[in-house]
$ cat final-v2.pdb   # PDB, C-alpha atoms and all ligand atoms
ATOM      1  CA  MET A 406     -11.617 -34.172  -8.303
ATOM      2  CA  PRO A 407     -13.234 -32.145  -5.505
ATOM      3  CA  ASP A 408      -9.932 -31.763  -3.685
ATOM      4  CA  MET A 409      -8.706 -29.446  -6.447
ATOM      5  CA  LEU A 410     -11.136 -26.737  -5.353
ATOM      6  CA  ALA A 411     -11.242 -24.639  -2.193
ATOM      7  CA  PRO A 412     -14.331 -24.853   0.032
ATOM      8  CA  GLY A 413     -17.184 -22.884  -1.510
ATOM      9  CA  VAL A 414     -16.013 -23.501  -5.070
ATOM     10  CA  ARG A 415     -17.770 -26.179  -7.100
ATOM     11  CA  TRP A 416     -17.312 -27.760 -10.481
ATOM     12  CA  PHE A 417     -19.744 -26.774 -13.217
ATOM     13  CA  ASP A 418     -18.429 -29.540 -15.458
ATOM     14  CA  ASP A 419     -14.973 -31.067 -15.865
ATOM     15  CA  TRP A 420     -13.417 -27.715 -16.879
ATOM     16  CA  PHE A 421     -15.169 -24.744 -15.328
ATOM     17  CA  ALA A 422     -15.409 -24.089 -11.589
ATOM     18  CA  ILE A 423     -17.792 -21.552 -10.112
ATOM     19  CA  ARG A 424     -18.235 -19.626  -6.919
ATOM     20  CA  GLU A 425     -20.485 -16.762  -5.924
ATOM     21  CA  VAL A 426     -18.132 -14.054  -4.679
ATOM     22  CA  ALA A 427     -20.790 -11.429  -3.915
ATOM     23  CA  PRO A 428     -24.561 -11.272  -4.342
ATOM     24  CA  GLY A 429     -25.195 -11.548  -8.080
ATOM     25  CA  VAL A 430     -21.503 -11.925  -8.916
ATOM     26  CA  THR A 431     -20.270 -15.357  -9.962
ATOM     27  CA  ALA A 432     -16.628 -16.119 -10.602
ATOM     28  CA  ILE A 433     -16.136 -18.694 -13.365
ATOM     29  CA  GLY A 434     -12.712 -20.258 -13.068
ATOM     30  CA  GLU A 435     -10.633 -22.474 -15.314
ATOM     31  CA  PRO A 436      -8.292 -24.223 -12.881
ATOM     32  CA  ARG A 437      -7.214 -26.753 -15.507
ATOM     33  CA  PHE A 438      -5.926 -24.021 -17.807
ATOM     34  CA  HIS A 439      -2.333 -23.243 -16.943
ATOM     35  CA  GLN A 440      -3.034 -19.500 -16.639
ATOM     36  CA  LEU A 441      -5.723 -20.250 -14.024
ATOM     37  CA  ASN A 442      -8.174 -17.705 -15.418
ATOM     38  CA  TRP A 443     -11.147 -16.395 -13.446
ATOM     39  CA  ASN A 444     -13.929 -14.596 -15.287
ATOM     40  CA  TYR A 445     -16.833 -12.754 -13.649
ATOM     41  CA  LEU A 446     -20.518 -12.903 -14.452
ATOM     42  CA  VAL A 447     -22.285  -9.902 -12.939
ATOM     43  CA  ALA A 448     -26.076  -9.857 -12.829
ATOM     44  CA  GLY A 449     -28.433  -6.931 -12.324
ATOM     45  CA  THR A 450     -32.193  -7.152 -12.415
ATOM     46  CA  GLU A 451     -32.433  -6.540 -16.184
ATOM     47  CA  ARG A 452     -29.168  -7.685 -17.704
ATOM     48  CA  ALA A 453     -25.955  -9.508 -16.952
ATOM     49  CA  LEU A 454     -22.375  -8.781 -17.901
ATOM     50  CA  MET A 455     -19.693 -11.368 -18.640
ATOM     51  CA  PHE A 456     -16.430  -9.673 -17.739
ATOM     52  CA  ASP A 457     -13.667 -11.594 -19.522
ATOM     53  CA  THR A 458     -14.320 -14.844 -21.329
ATOM     54  CA  GLY A 459     -11.216 -16.981 -20.783
ATOM     55  CA  PRO A 460      -8.870 -18.425 -23.385
ATOM     56  CA  GLY A 461     -11.642 -20.128 -25.339
ATOM     57  CA  VAL A 462     -10.289 -23.633 -24.871
ATOM     58  CA  ARG A 463     -13.852 -24.472 -23.831
ATOM     59  CA  ASP A 464     -17.157 -22.697 -24.505
ATOM     60  CA  ILE A 465     -17.983 -20.498 -21.525
ATOM     61  CA  THR A 466     -21.395 -19.507 -22.898
ATOM     62  CA  GLU A 467     -22.805 -22.847 -21.728
ATOM     63  CA  VAL A 468     -21.909 -21.936 -18.166
ATOM     64  CA  VAL A 469     -23.363 -18.467 -18.560
ATOM     65  CA  ARG A 470     -26.631 -19.838 -19.953
ATOM     66  CA  ALA A 471     -26.952 -22.182 -17.003
ATOM     67  CA  LEU A 472     -26.287 -19.416 -14.490
ATOM     68  CA  THR A 473     -28.595 -16.656 -15.722
ATOM     69  CA  PRO A 474     -31.752 -16.255 -17.823
ATOM     70  CA  LEU A 475     -30.940 -12.555 -18.361
ATOM     71  CA  PRO A 476     -29.638 -11.105 -21.624
ATOM     72  CA  VAL A 477     -25.843 -11.073 -21.388
ATOM     73  CA  THR A 478     -23.299  -8.628 -22.763
ATOM     74  CA  ALA A 479     -19.688  -9.820 -22.968
ATOM     75  CA  PHE A 480     -16.960  -7.288 -22.243
ATOM     76  CA  CYS A 481     -13.247  -7.896 -21.760
ATOM     77  CA  SER A 482     -10.721  -6.231 -19.509
ATOM     78  CA  HIS A 483      -8.213  -6.173 -22.381
ATOM     79  CA  MET A 484      -7.518  -8.036 -25.591
ATOM     80  CA  HIS A 485      -4.941 -10.597 -24.430
ATOM     81  CA  PHE A 486      -5.781 -14.039 -25.801
ATOM     82  CA  ASP A 487      -6.580 -15.583 -22.441
ATOM     83  CA  HIS A 488      -9.436 -13.108 -21.886
ATOM     84  CA  VAL A 489     -11.072 -12.794 -25.318
ATOM     85  CA  GLY A 490     -11.121 -16.465 -26.326
ATOM     86  CA  ASN A 491     -14.905 -16.822 -26.116
ATOM     87  CA  LEU A 492     -15.868 -13.261 -27.034
ATOM     88  CA  HIS A 493     -16.970 -14.260 -30.554
ATOM     89  CA  ARG A 494     -19.412 -16.764 -29.040
ATOM     90  CA  PHE A 495     -21.570 -14.030 -27.470
ATOM     91  CA  ASP A 496     -24.401 -12.339 -29.342
ATOM     92  CA  ASP A 497     -23.876  -9.031 -27.594
ATOM     93  CA  VAL A 498     -20.288  -7.811 -27.411
ATOM     94  CA  ALA A 499     -19.091  -4.511 -25.977
ATOM     95  CA  VAL A 500     -15.530  -3.191 -26.301
ATOM     96  CA  ALA A 501     -13.788  -0.339 -24.504
ATOM     97  CA  ASP A 502     -13.809   2.675 -26.792
ATOM     98  CA  LEU A 503     -10.085   3.326 -26.965
ATOM     99  CA  PRO A 504      -8.379   4.570 -30.158
ATOM    100  CA  LEU A 505      -5.917   1.665 -30.089
ATOM    101  CA  LEU A 506      -8.847  -0.767 -30.351
ATOM    102  CA  ARG A 507     -11.072   1.309 -32.657
ATOM    103  CA  ALA A 508      -8.215   1.265 -35.152
ATOM    104  CA  HIS A 509      -8.895  -2.434 -35.717
ATOM    105  CA  GLU A 510     -12.630  -2.152 -36.373
ATOM    106  CA  ARG A 511     -14.046  -2.202 -39.885
ATOM    107  CA  ASN A 512     -17.766  -2.272 -40.720
ATOM    108  CA  GLY A 513     -18.685  -3.235 -37.181
ATOM    109  CA  ILE A 514     -16.225  -6.139 -37.005
ATOM    110  CA  LEU A 515     -13.268  -6.120 -34.638
ATOM    111  CA  PHE A 516     -10.187  -7.687 -36.212
ATOM    112  CA  GLU A 517      -7.061  -8.803 -34.408
ATOM    113  CA  PRO A 518      -5.863  -5.728 -32.523
ATOM    114  CA  GLY A 519      -2.196  -6.044 -33.477
ATOM    115  CA  GLU A 520       0.164  -6.719 -30.633
ATOM    116  CA  ARG A 521      -2.642  -6.451 -28.053
ATOM    117  CA  PHE A 522      -3.776 -10.053 -28.591
ATOM    118  CA  LEU A 523      -0.508 -11.971 -28.074
ATOM    119  CA  GLY A 524      -2.197 -15.189 -29.223
ATOM    120  CA  HIS A 525       0.956 -16.276 -31.020
ATOM    121  CA  LEU A 526       2.491 -17.032 -27.624
ATOM    122  CA  GLU A 527       0.216 -20.056 -27.270
ATOM    123  CA  GLY A 528      -0.903 -20.754 -30.810
ATOM    124  CA  MET A 529      -4.280 -19.041 -30.397
ATOM    125  CA  THR A 530      -5.896 -17.355 -33.394
ATOM    126  CA  TRP A 531      -8.130 -14.291 -33.286
ATOM    127  CA  LYS A 532     -11.781 -14.787 -34.184
ATOM    128  CA  PRO A 533     -13.172 -11.604 -35.751
ATOM    129  CA  MET A 534     -16.384 -10.578 -34.032
ATOM    130  CA  ARG A 535     -19.204  -8.110 -34.421
ATOM    131  CA  VAL A 536     -19.160  -5.388 -31.795
ATOM    132  CA  GLN A 537     -22.554  -4.077 -30.734
ATOM    133  CA  GLN A 538     -21.395  -1.380 -28.348
ATOM    134  CA  TRP A 539     -18.298   0.736 -27.831
ATOM    135  CA  TRP A 540     -18.209   1.860 -24.223
ATOM    136  CA  PRO A 541     -16.059   4.892 -23.374
ATOM    137  CA  ILE A 542     -13.883   5.134 -20.291
ATOM    138  CA  GLY A 543     -16.070   6.339 -17.436
ATOM    139  CA  HIS A 544     -19.139   4.721 -18.970
ATOM    140  CA  LYS A 545     -21.591   3.421 -16.402
ATOM    141  CA  ILE A 546     -22.923   0.004 -17.337
ATOM    142  CA  ASP A 547     -26.490  -0.148 -16.044
ATOM    143  CA  LEU A 548     -27.579  -3.743 -15.441
ATOM    144  CA  GLY A 549     -30.708  -2.778 -13.508
ATOM    145  CA  GLY A 550     -30.232  -2.163  -9.788
ATOM    146  CA  ARG A 551     -26.484  -2.324 -10.340
ATOM    147  CA  VAL A 552     -24.189   0.090 -12.119
ATOM    148  CA  LEU A 553     -20.571  -0.679 -13.007
ATOM    149  CA  GLU A 554     -18.165   2.071 -13.961
ATOM    150  CA  ILE A 555     -15.418   1.454 -16.500
ATOM    151  CA  LEU A 556     -11.989   2.537 -15.219
ATOM    152  CA  HIS A 557      -8.967   2.791 -17.506
ATOM    153  CA  THR A 558      -6.232   0.805 -15.758
ATOM    154  CA  PRO A 559      -3.148   0.485 -17.984
ATOM    155  CA  GLY A 560       0.154  -0.853 -16.673
ATOM    156  CA  HIS A 561      -0.142  -4.493 -17.671
ATOM    157  CA  ALA A 562      -1.697  -3.534 -21.014
ATOM    158  CA  PRO A 563      -2.545  -0.119 -22.508
ATOM    159  CA  ASP A 564      -6.117  -1.168 -23.314
ATOM    160  CA  HIS A 565      -6.780  -2.563 -19.850
ATOM    161  CA  VAL A 566      -9.957  -1.592 -18.000
ATOM    162  CA  ALA A 567     -11.336  -2.538 -14.599
ATOM    163  CA  LEU A 568     -14.907  -2.373 -13.319
ATOM    164  CA  TRP A 569     -15.986  -0.521 -10.216
ATOM    165  CA  ASP A 570     -19.316  -1.184  -8.504
ATOM    166  CA  PRO A 571     -19.611   1.443  -5.744
ATOM    167  CA  LEU A 572     -22.870   0.086  -4.295
ATOM    168  CA  ALA A 573     -21.494  -3.426  -3.906
ATOM    169  CA  ASN A 574     -18.085  -1.998  -2.959
ATOM    170  CA  LEU A 575     -16.568  -4.301  -5.565
ATOM    171  CA  LEU A 576     -13.586  -3.836  -7.866
ATOM    172  CA  LEU A 577     -12.989  -6.300 -10.686
ATOM    173  CA  ALA A 578      -9.328  -5.630 -11.375
ATOM    174  CA  ALA A 579      -8.670  -8.381 -13.962
ATOM    175  CA  ASP A 580      -4.997  -8.421 -15.016
ATOM    176  CA  TYR A 581      -4.099  -5.184 -13.308
ATOM    177  CA  ILE A 582      -3.630  -7.032 -10.023
ATOM    178  CA  TYR A 583      -4.112 -10.703  -9.152
ATOM    179  CA  LEU A 584      -2.227 -13.453  -7.351
ATOM    180  CA  GLY A 585       1.110 -14.840  -8.473
ATOM    181  CA  ALA A 586       3.214 -13.278 -11.229
ATOM    182  CA  LEU A 587       2.080  -9.851 -12.391
ATOM    183  CA  TYR A 588       3.009  -9.515 -16.041
ATOM    184  CA  GLY A 589       4.831  -6.226 -16.400
ATOM    185  CA  GLN A 590       7.140  -7.765 -18.959
ATOM    186  CA  VAL A 591       4.693  -8.261 -21.841
ATOM    187  CA  ARG A 592       4.529  -5.903 -24.792
ATOM    188  CA  GLY A 593       2.525  -2.840 -23.897
ATOM    189  CA  ALA A 594       3.404  -3.043 -20.204
ATOM    190  CA  ASP A 595       4.287   0.326 -18.680
ATOM    191  CA  LEU A 596       5.429   0.783 -15.093
ATOM    192  CA  ALA A 597       4.708   4.525 -15.005
ATOM    193  CA  ALA A 598       1.108   3.743 -15.879
ATOM    194  CA  TYR A 599       1.097   0.919 -13.336
ATOM    195  CA  LEU A 600       2.169   3.374 -10.643
ATOM    196  CA  ARG A 601      -0.300   6.078 -11.641
ATOM    197  CA  VAL A 602      -3.201   3.631 -11.661
ATOM    198  CA  VAL A 603      -2.420   2.121  -8.273
ATOM    199  CA  GLU A 604      -2.561   5.623  -6.811
ATOM    200  CA  GLU A 605      -5.956   6.149  -8.427
ATOM    201  CA  LEU A 606      -7.291   2.817  -7.202
ATOM    202  CA  LEU A 607      -6.082   3.409  -3.654
ATOM    203  CA  ALA A 608      -8.088   6.639  -3.593
ATOM    204  CA  LEU A 609     -11.175   4.641  -4.566
ATOM    205  CA  VAL A 610     -11.141   1.487  -2.494
ATOM    206  CA  GLY A 611     -11.513   0.918   1.227
ATOM    207  CA  ASP A 612     -10.220  -1.794   3.526
ATOM    208  CA  ASP A 613     -13.486  -3.692   3.075
ATOM    209  CA  THR A 614     -13.666  -3.410  -0.715
ATOM    210  CA  LEU A 615     -14.024  -6.741  -2.479
ATOM    211  CA  ILE A 616     -11.264  -6.864  -5.081
ATOM    212  CA  PHE A 617     -10.958  -9.760  -7.492
ATOM    213  CA  GLY A 618      -8.348 -10.436 -10.150
ATOM    214  CA  ALA A 619      -8.334 -12.557 -13.294
ATOM    215  CA  HIS A 620      -5.696 -15.154 -12.415
ATOM    216  CA  GLY A 621      -5.657 -17.399  -9.396
ATOM    217  CA  LYS A 622      -2.980 -19.215  -7.488
ATOM    218  CA  PRO A 623      -3.551 -22.539  -5.734
ATOM    219  CA  ASP A 624      -3.286 -22.496  -1.952
ATOM    220  CA  ASP A 625      -0.734 -24.558  -0.040
ATOM    221  CA  ASP A 626      -2.964 -27.629  -0.453
ATOM    222  CA  GLY A 627      -3.181 -27.080  -4.211
ATOM    223  CA  ARG A 628      -6.794 -25.933  -4.099
ATOM    224  CA  HIS A 629      -8.154 -23.233  -6.393
ATOM    225  CA  ASP A 630     -10.344 -20.271  -5.608
ATOM    226  CA  ALA A 631     -11.304 -16.931  -7.129
ATOM    227  CA  PRO A 632      -8.351 -14.593  -6.474
ATOM    228  CA  ARG A 633      -9.382 -12.180  -3.735
ATOM    229  CA  LEU A 634      -7.214  -9.126  -3.285
ATOM    230  CA  TYR A 635      -7.165  -6.535  -0.540
ATOM    231  CA  LYS A 636      -6.379  -2.845  -0.273
ATOM    232  CA  GLN A 637      -3.144  -3.909   1.407
ATOM    233  CA  ASP A 638      -2.106  -5.666  -1.814
ATOM    234  CA  LEU A 639      -2.564  -2.386  -3.688
ATOM    235  CA  LYS A 640      -0.549  -0.582  -1.007
ATOM    236  CA  ASP A 641       2.230  -3.151  -1.351
ATOM    237  CA  LEU A 642       2.190  -2.699  -5.121
ATOM    238  CA  LEU A 643       2.403   1.069  -4.668
ATOM    239  CA  THR A 644       5.387   0.721  -2.318
ATOM    240  CA  THR A 645       7.087  -1.715  -4.692
ATOM    241  CA  LEU A 646       6.692   0.570  -7.698
ATOM    242  CA  GLU A 647       7.729   3.701  -5.797
ATOM    243  CA  ASN A 648      10.844   1.984  -4.462
ATOM    244  CA  LEU A 649      11.661   0.577  -7.863
ATOM    245  CA  LYS A 650      11.390   3.991  -9.462
ATOM    246  CA  LYS A 651      13.494   5.619  -6.742
ATOM    247  CA  SER A 652      16.200   2.974  -6.797
ATOM    248  CA  GLY A 653      16.884   3.164 -10.499
ATOM    249  CA  ASP A 654      17.289  -0.623 -10.419
ATOM    250  CA  ARG A 655      15.924  -2.669 -13.276
ATOM    251  CA  PRO A 656      15.335  -6.169 -11.893
ATOM    252  CA  GLU A 657      13.466  -8.642 -14.071
ATOM    253  CA  ARG A 658      11.540  -9.865 -11.042
ATOM    254  CA  ILE A 659      10.627  -8.093  -7.859
ATOM    255  CA  GLU A 660       8.614  -9.315  -4.871
ATOM    256  CA  VAL A 661       5.479  -7.295  -4.086
ATOM    257  CA  ASN A 662       4.459  -9.337  -1.046
ATOM    258  CA  GLU A 663       4.118 -13.019  -0.178
ATOM    259  CA  ARG A 664       1.158 -13.277  -2.542
ATOM    260  CA  MET A 665       2.526 -11.738  -5.709
ATOM    261  CA  TYR A 666       5.590 -10.613  -7.609
ATOM    262  CA  LEU A 667       6.122  -8.389 -10.599
ATOM    263  CA  LEU A 668       7.923  -9.376 -13.784
ATOM    264  CA  THR A 669       9.448  -6.612 -15.878
ATOM    265  CA  ALA A 670      11.347  -6.024 -19.106
ATOM    266  CA  PRO A 671      13.376  -2.992 -20.224
ATOM    267  CA  HIS A 672      10.576  -1.473 -22.325
ATOM    268  CA  ALA A 673       8.293  -1.308 -19.276
ATOM    269  CA  PHE A 674      10.678   1.142 -17.599
ATOM    270  CA  ALA A 675      10.937   3.469 -20.606
ATOM    271  CA  SER A 676       8.210   5.901 -19.598
ATOM    272  CA  TRP A 677       9.671   6.820 -16.223
ATOM    273  CA  GLN A 678      13.310   7.041 -17.175
ATOM    274  CA  GLN A 679      14.546  10.571 -16.644
ATOM    275  CA  PRO A 680      17.229  11.878 -18.962
ATOM    276  CA  SER A 681      20.249  11.550 -16.636
ATOM    277  CA  GLU A 682      22.124  14.397 -18.352
ATOM    278  CA  SER A 683      19.426  16.934 -17.479
ATOM    279  CA  ILE A 684      20.296  19.380 -14.710
TER
HETATM  280 ZN    ZN B   1      -3.254  -9.892 -19.860
END

$ encode --input "final-v2.pdb" --output "structure tokens" --more "lines below"
Ligand SMILES: [Zn+2]
Amino acid sequence: MPDMLAPGVRWFDDWFAIREVAPGVTAIGEPRFHQLNWNYLVAGTERALMFDTGPGVRDITEVVRALTPLPVTAFCSHMHFDHVGNLHRFDDVAVADLPLLRAHERNGILFEPGERFLGHLEGMTWKPMRVQQWWPIGHKIDLGGRVLEILHTPGHAPDHVALWDPLANLLLAADYIYLGALYGQVRGADLAAYLRVVEELLALVGDDTLIFGAHGKPDDDGRHDAPRLYKQDLKDLLTTLENLKKSGDRPERIEVNERMYLLTAPHAFASWQQPSESI
């Protein structure tokens, strides 16, 4: 079904679609999965990194093996079920060294990280996995000729991290920002964190920065592509969050721009609510 994919995107098999989004960076999409996940394989000269692994409906390691002969480390933006589904299938697994994840590690095995996984929403079960490396926030992942910095980017999820490649001018933003519905309504979502992080990211990126998210949205012809974001999208998110905070309104859905909207729930507002009785 070639008409399901945008120009430049090709099928790997009947499930995964791939496109090179930058030199050495391949987006691996799952346009048949209803969440329309896009995962990113980043290659250096010595190693490769699989950033997010999809829901695990199908084995992504076969795609990875076909795309690179390099040793691969798998690393996820956060522990939601639609990102960690294939993590247990990788020999080398790295996890962000955050206390809320460390709390679920015993004897080198990472067990279901409580409410971070959310697999119950779609009947997915956690597969305990051995973790080879715990990478702290700010850690620079050296792949040989390419270094990716780990940024802590909560808002959607408290354990969420993004990857910043300054040389390639590339930001892999995962579930912090993508196309379609931004999930600020899930457990762990926090709009104050969302706002703080967008300010941080805007200080980092330029108008020509390549920004990619983890969920796509078909174009008007129903064709799928890796979700490309722009600095303007971050600016629109900043404006949306600032206005929301100022207004005191608590809508369940708010438009960010014509490409995305934000879903919320009462708990997500908790951290920026000022005590109204204070003088
Ligand atoms: Zn998520």

$ closest_residue --input "final-v2.pdb" --among "A:Glu451, A:Asp457, A:Glu435, A:Glu660" --to "ligand ZN 1 (chain B)" --atoms "only C-alpha atoms and all ligand atoms"
A:Asp457

$ closest_residue --input "final-v2.pdb" --among "A:Arg551, A:His439, A:Arg592, A:His493" --to "Leu523 in chain A" --atoms "all atoms listed in the file"
A:Arg592

$ residues_near_ligand --input "final-v2.pdb" --ligand "ligand ZN 1 (chain B)" --cutoff "9 Å" --atoms "all atoms listed in the file" --output "ChimeraX atom specification"
/A:482-488,521-523,561-562,565,579-581,588,591,619

$ resolve_selection --input "final-v2.pdb" --expression "the PyMOL selection byres (((chain A and resi 624) around 12) and not hetatm)" --output "short mmCIF file (atom, residue, chain, number, x, y, z; two decimals) with C-alpha atoms, in the coordinates of the input"
data_model
loop_
_atom_site.label_atom_id
_atom_site.label_comp_id
_atom_site.auth_asym_id
_atom_site.auth_seq_id
_atom_site.Cartn_x
_atom_site.Cartn_y
_atom_site.Cartn_z
CA ASP A 408 -9.93 -31.76 -3.68
CA MET A 409 -8.71 -29.45 -6.45
CA LEU A 410 -11.14 -26.74 -5.35
CA ALA A 411 -11.24 -24.64 -2.19
CA PRO A 412 -14.33 -24.85 0.03
CA LEU A 584 -2.23 -13.45 -7.35
CA GLY A 585 1.11 -14.84 -8.47
CA GLY A 621 -5.66 -17.40 -9.40
CA LYS A 622 -2.98 -19.22 -7.49
CA PRO A 623 -3.55 -22.54 -5.73
CA ASP A 625 -0.73 -24.56 -0.04
CA ASP A 626 -2.96 -27.63 -0.45
CA GLY A 627 -3.18 -27.08 -4.21
CA ARG A 628 -6.79 -25.93 -4.10
CA HIS A 629 -8.15 -23.23 -6.39
CA ASP A 630 -10.34 -20.27 -5.61
CA ALA A 631 -11.30 -16.93 -7.13
CA PRO A 632 -8.35 -14.59 -6.47
CA ARG A 664 1.16 -13.28 -2.54
#

$ atom_distance --input "final-v2.pdb" --atom1 "CA of Pro533 in chain A" --atom2 "CA of Leu515 in chain A"
5.6 Å

$ closest_residue --input "final-v2.pdb" --among "A:Pro504, A:Leu526, A:Trp539, A:Ile514" --to "Thr478 in chain A" --atoms "all atoms listed in the file"
A:Trp539
